[in-house]
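Q: Next comes the structure file query-v2.cif, holding mmCIF, C-alpha atoms.
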data_structure
loop_
_atom_site.group_PDB
_atom_site.id
_atom_site.type_symbol
_atom_site.label_atom_id
_atom_site.label_comp_id
_atom_site.auth_asym_id
_atom_site.auth_seq_id
_atom_site.Cartn_x
_atom_site.Cartn_y
_atom_site.Cartn_z
ATOM 1 C CA MET A 266 53.488 133.624 106.620
ATOM 2 C CA PRO A 267 55.049 130.675 108.569
ATOM 3 C CA ILE A 268 58.606 131.060 109.888
ATOM 4 C CA LEU A 269 60.914 128.282 108.741
ATOM 5 C CA SER A 270 62.694 126.309 111.449
ATOM 6 C CA ASP A 271 66.495 126.127 111.579
ATOM 7 C CA ASN A 272 66.377 122.511 110.388
ATOM 8 C CA VAL A 273 64.238 123.386 107.357
ATOM 9 C CA ARG A 274 66.483 126.320 106.473
ATOM 10 C CA GLY A 275 69.568 124.143 106.886
ATOM 11 C CA ALA A 276 68.067 121.476 104.628
ATOM 12 C CA PHE A 277 67.222 124.147 102.040
ATOM 13 C CA PHE A 278 70.797 125.451 102.053
ATOM 14 C CA MET A 279 72.159 121.899 101.746
ATOM 15 C CA VAL A 280 69.951 121.213 98.711
ATOM 16 C CA MET A 281 71.088 124.482 97.153
ATOM 17 C CA SER A 282 74.741 123.671 97.900
ATOM 18 C CA MET A 283 74.651 120.167 96.414
ATOM 19 C CA SER A 284 72.732 121.411 93.370
ATOM 20 C CA ALA A 285 75.240 124.235 92.855
ATOM 21 C CA PHE A 286 78.218 121.880 93.177
ATOM 22 C CA THR A 287 76.679 119.545 90.593
ATOM 23 C CA LEU A 288 75.882 122.407 88.215
ATOM 24 C CA ASN A 289 79.499 123.539 88.551
ATOM 25 C CA ASP A 290 80.560 119.988 87.633
ATOM 26 C CA ALA A 291 78.289 120.076 84.589
ATOM 27 C CA PHE A 292 79.790 123.358 83.364
ATOM 28 C CA MET A 293 83.319 122.019 83.887
ATOM 29 C CA LYS A 294 82.448 118.815 82.033
ATOM 30 C CA ALA A 295 81.072 120.796 79.090
ATOM 31 C CA LEU A 296 84.136 123.033 79.161
ATOM 32 C CA GLY A 297 86.389 119.980 79.041
ATOM 33 C CA GLU A 298 85.138 119.065 75.568
ATOM 34 C CA GLU A 299 87.519 121.684 74.115
ATOM 35 C CA VAL A 300 89.555 123.247 76.930
ATOM 36 C CA PRO A 301 92.504 121.373 78.510
ATOM 37 C CA LEU A 302 91.955 120.194 82.075
ATOM 38 C CA PHE A 303 94.601 122.316 83.772
ATOM 39 C CA GLN A 304 93.716 125.466 81.844
ATOM 40 C CA ALA A 305 90.082 125.132 82.916
ATOM 41 C CA VAL A 306 90.920 124.452 86.574
ATOM 42 C CA PHE A 307 93.499 127.257 86.696
ATOM 43 C CA LEU A 308 91.164 129.873 85.250
ATOM 44 C CA ARG A 309 88.371 128.840 87.609
ATOM 45 C CA SER A 310 90.747 128.844 90.592
ATOM 46 C CA ILE A 311 91.822 132.439 89.946
ATOM 47 C CA ALA A 312 88.265 133.672 90.445
ATOM 48 C CA VAL A 313 87.616 131.386 93.442
ATOM 49 C CA VAL A 314 90.805 132.469 95.252
ATOM 50 C CA ALA A 315 90.082 136.139 94.585
ATOM 51 C CA LEU A 316 86.586 135.857 96.043
ATOM 52 C CA LEU A 317 87.643 133.823 99.097
ATOM 53 C CA ALA A 318 90.507 136.237 99.789
ATOM 54 C CA PHE A 319 88.093 139.164 99.663
ATOM 55 C CA LEU A 320 85.620 137.451 101.996
ATOM 56 C CA SER A 321 88.414 136.464 104.381
ATOM 57 C CA TRP A 322 89.691 140.032 104.435
ATOM 58 C CA ARG A 323 86.209 141.393 105.135
ATOM 59 C CA LYS A 324 85.698 138.919 107.988
ATOM 60 C CA ASP A 325 89.218 139.357 109.412
ATOM 61 C CA GLY A 326 89.900 135.697 108.708
ATOM 62 C CA LEU A 327 93.311 135.984 107.052
ATOM 63 C CA ARG A 328 95.431 134.424 109.788
ATOM 64 C CA LEU A 329 98.174 131.812 109.509
ATOM 65 C CA PRO A 330 98.263 128.962 112.040
ATOM 66 C CA SER A 331 100.660 129.711 114.898
ATOM 67 C CA ASP A 332 100.751 126.112 116.130
ATOM 68 C CA PRO A 333 103.171 123.937 114.047
ATOM 69 C CA ARG A 334 100.716 121.030 114.351
ATOM 70 C CA ASP A 335 97.902 123.099 112.850
ATOM 71 C CA LEU A 336 100.198 124.367 110.117
ATOM 72 C CA LYS A 337 101.104 120.785 109.212
ATOM 73 C CA LEU A 338 97.419 119.803 109.105
ATOM 74 C CA VAL A 339 96.568 122.783 106.882
ATOM 75 C CA VAL A 340 99.353 121.787 104.471
ATOM 76 C CA ILE A 341 98.149 118.158 104.402
ATOM 77 C CA ARG A 342 94.572 119.301 103.849
ATOM 78 C CA SER A 343 95.558 121.679 101.042
ATOM 79 C CA VAL A 344 97.666 119.066 99.216
ATOM 80 C CA ALA A 345 94.812 116.563 99.512
ATOM 81 C CA GLU A 346 92.399 119.175 98.110
ATOM 82 C CA ALA A 347 94.613 119.796 95.078
ATOM 83 C CA ALA A 348 95.021 116.056 94.431
ATOM 84 C CA ALA A 349 91.281 115.502 94.814
ATOM 85 C CA ALA A 350 90.551 118.253 92.291
ATOM 86 C CA TYR A 351 92.890 116.630 89.774
ATOM 87 C CA PHE A 352 91.439 113.136 90.172
ATOM 88 C CA PHE A 353 87.837 114.303 90.266
ATOM 89 C CA ILE A 354 87.875 116.657 87.285
ATOM 90 C CA THR A 355 89.923 114.209 85.181
ATOM 91 C CA ALA A 356 87.263 111.569 85.826
ATOM 92 C CA LEU A 357 84.482 114.087 85.213
ATOM 93 C CA PHE A 358 85.911 114.922 81.782
ATOM 94 C CA ASN A 359 85.845 111.234 80.832
ATOM 95 C CA MET A 360 82.894 109.637 82.673
ATOM 96 C CA PRO A 361 79.140 110.164 82.993
ATOM 97 C CA ILE A 362 78.475 112.864 85.571
ATOM 98 C CA ALA A 363 75.981 110.662 87.452
ATOM 99 C CA ASN A 364 78.560 107.876 87.890
ATOM 100 C CA VAL A 365 81.185 110.272 89.241
ATOM 101 C CA THR A 366 78.724 111.906 91.648
ATOM 102 C CA ALA A 367 77.376 108.546 92.812
ATOM 103 C CA ILE A 368 80.804 107.209 93.775
ATOM 104 C CA LEU A 369 81.533 110.426 95.686
ATOM 105 C CA GLN A 370 78.465 109.780 97.843
ATOM 106 C CA SER A 371 80.458 107.041 99.578
ATOM 107 C CA LEU A 372 82.460 109.735 101.416
ATOM 108 C CA PRO A 373 80.483 109.622 104.701
ATOM 109 C CA LEU A 374 81.154 105.881 104.833
ATOM 110 C CA THR A 375 84.884 106.104 104.046
ATOM 111 C CA ILE A 376 85.372 108.898 106.581
ATOM 112 C CA THR A 377 83.561 106.881 109.265
ATOM 113 C CA LEU A 378 85.654 103.775 108.593
ATOM 114 C CA THR A 379 88.987 105.616 108.400
ATOM 115 C CA ALA A 380 88.270 107.574 111.579
ATOM 116 C CA ALA A 381 87.555 104.291 113.363
ATOM 117 C CA VAL A 382 90.849 102.776 112.192
ATOM 118 C CA LEU A 383 93.138 105.787 112.709
ATOM 119 C CA PHE A 384 91.519 107.568 115.647
ATOM 120 C CA ARG A 385 89.824 104.579 117.311
ATOM 121 C CA GLU A 386 86.405 106.167 117.095
ATOM 122 C CA PRO A 387 83.653 103.669 118.025
ATOM 123 C CA LEU A 388 82.392 101.499 115.171
ATOM 124 C CA GLY A 389 79.711 98.923 115.984
ATOM 125 C CA TRP A 390 78.548 96.056 113.829
ATOM 126 C CA ARG A 391 75.622 98.056 112.419
ATOM 127 C CA ARG A 392 77.899 100.821 111.153
ATOM 128 C CA LEU A 393 80.336 98.245 109.823
ATOM 129 C CA THR A 394 77.508 96.495 107.964
ATOM 130 C CA ALA A 395 76.373 99.815 106.484
ATOM 131 C CA ILE A 396 79.912 100.522 105.269
ATOM 132 C CA PHE A 397 80.126 97.071 103.664
ATOM 133 C CA ILE A 398 76.775 97.529 101.888
ATOM 134 C CA GLY A 399 77.846 100.988 100.719
ATOM 135 C CA PHE A 400 81.077 99.495 99.366
ATOM 136 C CA CYS A 401 78.998 96.958 97.427
ATOM 137 C CA GLY A 402 77.108 99.911 95.944
ATOM 138 C CA VAL A 403 80.405 101.459 94.837
ATOM 139 C CA LEU A 404 81.398 98.173 93.169
ATOM 140 C CA LEU A 405 78.103 98.112 91.253
ATOM 141 C CA ILE A 406 78.885 101.557 89.856
ATOM 142 C CA VAL A 407 82.582 101.000 89.182
ATOM 143 C CA GLN A 408 81.952 97.483 87.762
ATOM 144 C CA PRO A 409 85.562 96.223 87.951
ATOM 145 C CA GLY A 410 86.179 93.771 85.143
ATOM 146 C CA GLY A 411 82.919 94.696 83.424
ATOM 147 C CA ASP A 412 82.179 96.550 80.201
ATOM 148 C CA GLY A 413 81.405 99.743 82.119
ATOM 149 C CA PHE A 414 84.787 99.844 83.846
ATOM 150 C CA SER A 415 87.476 102.328 82.871
ATOM 151 C CA ILE A 416 90.647 103.654 84.454
ATOM 152 C CA TYR A 417 88.753 106.834 85.280
ATOM 153 C CA SER A 418 86.616 104.912 87.753
ATOM 154 C CA LEU A 419 89.798 104.522 89.774
ATOM 155 C CA TYR A 420 90.382 108.261 89.471
ATOM 156 C CA VAL A 421 87.090 108.877 91.283
ATOM 157 C CA LEU A 422 88.142 106.452 94.005
ATOM 158 C CA GLY A 423 91.396 108.395 94.217
ATOM 159 C CA ALA A 424 89.354 111.571 94.708
ATOM 160 C CA VAL A 425 87.360 109.856 97.468
ATOM 161 C CA ALA A 426 90.600 108.856 99.214
ATOM 162 C CA CYS A 427 91.995 112.399 98.966
ATOM 163 C CA VAL A 428 88.794 114.016 100.263
ATOM 164 C CA THR A 429 88.772 111.532 103.142
ATOM 165 C CA VAL A 430 92.299 112.652 104.084
ATOM 166 C CA ARG A 431 91.238 116.281 103.716
ATOM 167 C CA ASP A 432 88.204 115.946 105.989
ATOM 168 C CA LEU A 433 90.017 113.934 108.650
ATOM 169 C CA ALA A 434 92.781 116.542 108.722
ATOM 170 C CA THR A 435 90.105 119.205 109.122
ATOM 171 C CA ARG A 436 88.669 117.390 112.140
ATOM 172 C CA ARG A 437 92.067 117.576 113.865
ATOM 173 C CA LEU A 438 92.459 121.339 113.416
ATOM 174 C CA SER A 439 92.064 123.543 116.469
ATOM 175 C CA ARG A 440 89.087 125.880 116.623
ATOM 176 C CA ALA A 441 91.381 128.913 116.707
ATOM 177 C CA ILE A 442 91.876 128.788 112.925
ATOM 178 C CA PRO A 443 89.136 130.571 110.922
ATOM 179 C CA SER A 444 87.325 128.282 108.503
ATOM 180 C CA MET A 445 87.707 130.878 105.759
ATOM 181 C CA SER A 446 91.505 130.757 106.073
ATOM 182 C CA VAL A 447 91.458 126.964 105.810
ATOM 183 C CA ALA A 448 89.292 127.102 102.685
ATOM 184 C CA LEU A 449 91.478 129.821 101.167
ATOM 185 C CA ALA A 450 94.636 127.766 101.747
ATOM 186 C CA ALA A 451 93.083 124.824 99.899
ATOM 187 C CA ALA A 452 91.963 127.056 97.023
ATOM 188 C CA VAL A 453 95.470 128.504 96.730
ATOM 189 C CA ALA A 454 96.926 124.978 96.612
ATOM 190 C CA VAL A 455 94.611 124.083 93.713
ATOM 191 C CA LEU A 456 95.513 127.358 91.986
ATOM 192 C CA VAL A 457 99.270 126.754 92.292
ATOM 193 C CA PHE A 458 99.065 123.104 91.256
ATOM 194 C CA SER A 459 96.874 123.760 88.212
ATOM 195 C CA GLY A 460 98.892 126.858 87.290
ATOM 196 C CA VAL A 461 102.182 124.951 87.195
ATOM 197 C CA ALA A 462 100.612 122.033 85.333
ATOM 198 C CA SER A 463 98.980 124.369 82.789
ATOM 199 C CA ILE A 464 102.439 125.499 81.657
ATOM 200 C CA PHE A 465 102.928 122.111 80.031
ATOM 201 C CA VAL A 466 99.673 122.035 78.050
ATOM 202 C CA ASP A 467 98.693 123.896 74.891
ATOM 203 C CA TRP A 468 96.213 126.581 75.860
ATOM 204 C CA VAL A 469 93.244 127.225 73.619
ATOM 205 C CA PRO A 470 91.344 130.500 73.190
ATOM 206 C CA LEU A 471 87.976 130.631 74.939
ATOM 207 C CA ARG A 472 85.172 131.129 72.459
ATOM 208 C CA GLY A 473 82.113 133.028 73.651
ATOM 209 C CA ASP A 474 80.170 129.952 74.762
ATOM 210 C CA ARG A 475 83.216 128.455 76.513
ATOM 211 C CA GLY A 476 83.758 131.708 78.370
ATOM 212 C CA LEU A 477 80.140 131.587 79.505
ATOM 213 C CA GLN A 478 80.607 127.999 80.677
ATOM 214 C CA LEU A 479 83.663 129.009 82.688
ATOM 215 C CA GLY A 480 81.722 131.899 84.191
ATOM 216 C CA GLY A 481 78.898 129.523 85.068
ATOM 217 C CA ALA A 482 81.337 127.153 86.784
ATOM 218 C CA VAL A 483 82.782 130.010 88.853
ATOM 219 C CA LEU A 484 79.329 131.322 89.758
ATOM 220 C CA PHE A 485 77.988 127.971 90.894
ATOM 221 C CA VAL A 486 81.106 126.829 92.767
ATOM 222 C CA VAL A 487 81.128 130.081 94.737
ATOM 223 C CA ALA A 488 77.404 129.709 95.451
ATOM 224 C CA ALA A 489 78.074 126.126 96.539
ATOM 225 C CA TYR A 490 80.817 127.195 98.963
ATOM 226 C CA LEU A 491 78.634 129.890 100.521
ATOM 227 C CA THR A 492 75.480 127.766 100.876
ATOM 228 C CA SER A 493 77.469 124.829 102.256
ATOM 229 C CA VAL A 494 78.725 127.111 105.045
ATOM 230 C CA MET A 495 75.172 128.331 105.673
ATOM 231 C CA ALA A 496 73.892 124.745 105.781
ATOM 232 C CA MET A 497 76.355 123.819 108.520
ATOM 233 C CA ARG A 498 75.658 126.930 110.610
ATOM 234 C CA VAL A 499 71.912 126.334 111.078
ATOM 235 C CA GLY A 500 69.962 123.249 112.049
ATOM 236 C CA GLU A 501 71.117 119.876 113.326
ATOM 237 C CA VAL A 502 73.891 118.229 111.318
ATOM 238 C CA ALA A 503 72.194 114.820 111.498
ATOM 239 C CA PHE A 504 69.005 116.348 110.038
ATOM 240 C CA VAL A 505 70.692 118.456 107.365
ATOM 241 C CA ALA A 506 73.429 116.089 106.133
ATOM 242 C CA PRO A 507 71.193 113.482 104.391
ATOM 243 C CA PHE A 508 70.023 116.174 101.973
ATOM 244 C CA ARG A 509 73.488 116.071 100.370
ATOM 245 C CA TYR A 510 72.226 113.112 98.348
ATOM 246 C CA THR A 511 70.015 115.451 96.298
ATOM 247 C CA GLY A 512 73.186 116.208 94.331
ATOM 248 C CA LEU A 513 73.003 112.681 92.917
ATOM 249 C CA LEU A 514 69.470 113.273 91.620
ATOM 250 C CA VAL A 515 70.564 116.536 90.005
ATOM 251 C CA ALA A 516 73.570 114.779 88.412
ATOM 252 C CA ILE A 517 71.375 112.052 86.915
ATOM 253 C CA LEU A 518 68.955 114.660 85.545
ATOM 254 C CA LEU A 519 71.733 116.806 84.033
ATOM 255 C CA GLY A 520 73.382 113.745 82.511
ATOM 256 C CA VAL A 521 70.159 112.739 80.785
ATOM 257 C CA LEU A 522 69.166 116.225 79.606
ATOM 258 C CA PHE A 523 72.497 117.697 78.479
ATOM 259 C CA PHE A 524 75.007 114.894 77.973
ATOM 260 C CA GLY A 525 72.840 112.048 76.679
ATOM 261 C CA GLU A 526 73.944 109.853 79.599
ATOM 262 C CA THR A 527 71.338 107.379 80.770
ATOM 263 C CA PRO A 528 72.498 105.528 83.893
ATOM 264 C CA GLY A 529 72.066 101.769 83.733
ATOM 265 C CA PRO A 530 70.297 99.636 86.344
ATOM 266 C CA LEU A 531 73.559 98.757 88.110
ATOM 267 C CA VAL A 532 74.456 102.431 88.533
ATOM 268 C CA LEU A 533 70.989 103.246 89.873
ATOM 269 C CA THR A 534 71.051 100.272 92.238
ATOM 270 C CA GLY A 535 74.521 101.139 93.500
ATOM 271 C CA SER A 536 73.519 104.776 93.991
ATOM 272 C CA ALA A 537 70.469 103.718 96.007
ATOM 273 C CA LEU A 538 72.603 101.466 98.224
ATOM 274 C CA ILE A 539 75.156 104.201 98.898
ATOM 275 C CA ALA A 540 72.465 106.779 99.677
ATOM 276 C CA ALA A 541 70.518 104.391 101.918
ATOM 277 C CA THR A 542 73.554 103.337 103.961
ATOM 278 C CA GLY A 543 74.725 106.931 104.303
ATOM 279 C CA ILE A 544 71.318 108.075 105.544
ATOM 280 C CA PHE A 545 71.199 105.113 107.942
ATOM 281 C CA THR A 546 74.601 106.067 109.364
ATOM 282 C CA LEU A 547 73.496 109.667 109.885
ATOM 283 C CA TRP A 548 70.207 108.524 111.457
ATOM 284 C CA ARG A 549 72.089 106.433 114.006
ATOM 285 C CA GLU A 550 74.378 109.381 114.763
ATOM 286 C CA ARG A 551 71.296 111.465 115.524
ATOM 287 C CA ARG A 552 69.889 108.775 117.832
ATOM 288 C CA PHE A 553 73.138 108.507 119.791
ATOM 289 C CA ALA A 554 73.397 112.287 120.023
ATOM 290 C CA ARG A 555 69.901 112.464 121.532
ATOM 291 C CA ARG A 556 70.765 109.725 124.019
ATOM 292 C CA ARG A 557 73.845 111.611 125.154
ATOM 293 C CA MET A 558 71.873 114.853 125.518
ATOM 294 C CA PRO A 559 70.927 115.617 129.127
ATOM 295 C CA VAL A 560 67.284 114.853 129.935
ATOM 296 C CA MET A 561 66.481 118.397 131.034
ATOM 297 C CA GLN A 562 67.912 119.799 127.808
ATOM 298 C CA ARG A 563 65.612 117.535 125.746
ATOM 299 C CA LEU A 564 62.602 118.710 127.775
ATOM 300 C CA ARG A 565 63.146 122.406 127.107
#
Could I get this structure in the form of structure tokens?
A:
Amino acid sequence: MPILSDNVRGAFFMVMSMSAFTLNDAFMKALGEEVPLFQAVFLRSIAVVALLAFLSWRKDGLRLPSDPRDLKLVVIRSVAEAAAAYFFITALFNMPIANVTAILQSLPLTITLTAAVLFREPLGWRRLTAIFIGFCGVLLIVQPGGDGFSIYSLYVLGAVACVTVRDLATRRLSRAIPSMSVALAAAVAVLVFSGVASIFVDWVPLRGDRGLQLGGAVLFVVAAYLTSVMAMRVGEVAFVAPFRYTGLLVAILLGVLFFGETPGPLVLTGSALIAATGIFTLWRERRFARRRMPVMQRLR
């Protein structure tokens, strides 16, 4: 029986992670047909926080940042995570799942551009062209001024902006802070935000099928968190990262099969542009990484 390479295993975990995240989104979208937004997010967050706290405790990862700079970055990241959850799930409750997922695929491009502006990371004309083409893909999906446009398209863009802030804050954290503690802080922020907001909505009882949907959302979001960590711990990032776009294929399939959502040609074209430019950006990162690698290391 052949032994899988680290890159193949990393790609497998990335496919599993993106599929699990999208399945979680599908369960939350189905739950939103009857259950208020903040009730659904709050109930899901309770289970997620409990599991992450247990895992952090088992791995001795429950440590607060001692550096005030790191503490500030953790707070910024956690607030951005809570805001992103609000914008994303609100849009998910009111838009086709494939459209929401497709717009989110622009994240590698927005992070690259923002890092270049704020942190003066190098950005050549090829990367800039890829970002522009990816932005055109987003416009095809959002369709501002067209029949397919709604205010919830802007909510997804708000989620993209918040996740960009979250990821850039993460990049500035020192390595002394355990990743599990950072993730737990973000989960607690979502729990607190949704818990306070849920006070002002009328809760509804969870019928048997809605309870199962909530359980499915918890199961798949936890699986997504775990496999995403596994994906980043094995294999080369530049090889593994492009497989995140499989989540878009899963979203289109789920939308067609369970929600009667057939994406139009503009959505498909925009999705293809975003995926292509993202993969191109990652491919160039891999090339530059190999160039910077010492010759003797490449010959091992």
Q: Separation of CA of Ala363 in chain A and CA of Ala295 in chain A, in Å?
A: 14.1 Å
Q: I need the residue nearest Leu538 in chain A from this list: A:Tyr420, A:Phe465, A:Tyr351, A:Tyr510. Use only C-alpha atoms for the distance.
A: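 Counting only C-alpha atoms, the residue closest to Leu538 in chain A is A:Tyr510.
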Q: Between A:Leu449, A:Leu479, A:Leu491, A:Leu433, which one has atoms that come closest to Ile341 in chain A, using only C-alpha atoms?
A: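 Of all the options, A:Leu433 lies closest to Ile341 in chain A.
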Q: Using the chain letters and numbers from this file, what does the PyMOL selection byres ((chain A and resi 399) around 6) select? Give the answer as an NGL selection string.
A: :A and (396-398 or 400-402 or 538-539 or 542)
Q: Counting only C-alpha atoms, which residue out of A:Leu302, A:Ala367, A:Ile442, A:Leu296 sits closest to Ala462 in chain A?
A: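 That would be A:Leu302, the residue with the smallest distance to Ala462 in chain A.
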Q: Which residue is closest to Gly480 in chain A? Choose from A:Ser284, A:Gln370, A:Asn289, A:Thr492 and count all atoms listed in the file.
A: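 For Gly480 in chain A, the nearest of the given residues is A:Asn289.
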Q: Using all atoms listed in the file, which residues sit within 12 Å of Leu317 in chain A once same-chain residues fewer than 6 positions away are excluded, as a compact mmCIF listing (two decimals) with C-alpha atoms, keeping the file's coordinate frame?
A:
# COMPACT_ATOMS: atom_id res chain seq x y z
CA SER A 310 90.75 128.84 90.59
CA ILE A 311 91.82 132.44 89.95
CA ARG A 323 86.21 141.39 105.14
CA LYS A 324 85.70 138.92 107.99
CA ASP A 325 89.22 139.36 109.41
CA GLY A 326 89.90 135.70 108.71
CA LEU A 327 93.31 135.98 107.05
CA SER A 444 87.32 128.28 108.50
CA MET A 445 87.71 130.88 105.76
CA SER A 446 91.50 130.76 106.07
CA VAL A 447 91.46 126.96 105.81
CA ALA A 448 89.29 127.10 102.68
CA LEU A 449 91.48 129.82 101.17
CA ALA A 450 94.64 127.77 101.75
CA ALA A 451 93.08 124.82 99.90
CA ALA A 452 91.96 127.06 97.02
CA VAL A 453 95.47 128.50 96.73
CA VAL A 483 82.78 130.01 88.85
CA VAL A 486 81.11 126.83 92.77
CA VAL A 487 81.13 130.08 94.74
CA ALA A 488 77.40 129.71 95.45
CA TYR A 490 80.82 127.20 98.96
CA LEU A 491 78.63 129.89 100.52
Q: If we count only C-alpha atoms and set the cut-off at 7 Å, which residues sit around Phe278 in chain A, ignoring sequence neighbours fewer than 5 positions away in its own chain? Please answer as an MDAnalysis selection string.
A: chainID A and resid 492:493 495:496
Q: Just the selected residues (C-alpha atoms), exported as a CSV table (one decimal), keeping the file's coordinate frame, please.
A:
chain,number,residue,atom,x,y,z
A,492,THR,CA,75.5,127.8,100.9
A,493,SER,CA,77.5,124.8,102.3
A,495,MET,CA,75.2,128.3,105.7
A,496,ALA,CA,73.9,124.7,105.8
Q: In terms of the shortest atom-to-atom distance over all atoms listed in the file, which of A:Asp432, A:Phe353, A:Trp548, A:Thr527 is closest to Thr375 in chain A?
A: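 Between A:Asp432, A:Phe353, A:Trp548, A:Thr527, the residue approaching Thr375 in chain A most closely is A:Asp432.
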Q: For each of A:Thr366, A:Asn272, A:Thr394, A:Ser459, take the minimum atom-to-atom distance to Ile406 in chain A, counting all atoms listed in the file, then give the residue where this is smallest.
A: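 For Ile406 in chain A, the nearest of the given residues is A:Thr366.
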Q: Can you measure CA of Ala454 in chain A to CA of Ala356 in chain A for me? One decimal in Å is fine.
A: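 Going from CA of Ala454 in chain A over to CA of Ala356 in chain A, I get 19.7 Å.
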Q: Write out as a PyMOL selection string the residues lying within 8 Å of Leu372 in chain A, counting all atoms listed in the file and excluding same-chain residues fewer than 2 positions away.
A: chain A and resi 369-370+374-376+425+428-429
Q: To one decimal place, how far is CA of Ala482 in chain A from CA of Ala424 in chain A in Å?
A: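 So the answer is 19.2 Å.
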Q: Translate the PyMOL selection byres ((chain A and resi 526) around 10) into a concrete residue list for this structure, as a ChimeraX atom specification.
A: /A:360-364,517-525,527-529
Q: For Leu404 in chain A, find every residue with an atom within 10 Å (counting only C-alpha atoms), except residues of its own chain fewer than 6 positions away, and show them as a PyMOL selection string.
A: chain A and resi 368+398+531-532+535
Q: Place a sphere of radius 12 Å on (87.6, 111.0, 112.7) in the file coordinates and name every protein, DNA or RNA residue with an atom inside or on its surface, counting all atoms listed in the file; give the answer as a PyMOL selection string.
A: chain A and resi 373-388+429-438
Q: Please identify all polymer residues within 7 Å of Ala489 in chain A, counting only C-alpha atoms, omitting same-chain residues fewer than 4 positions from it, and present them as a PyMOL selection string.
A: chain A and resi 282-283+285-286+485+493
Q: Can you turn the PyMOL selection byres ((chain A and resi 330) around 10) into a concrete residue list for this file, as a PyMOL selection string?
A: chain A and resi 327-329+331-339+438-439+441-443+446-447
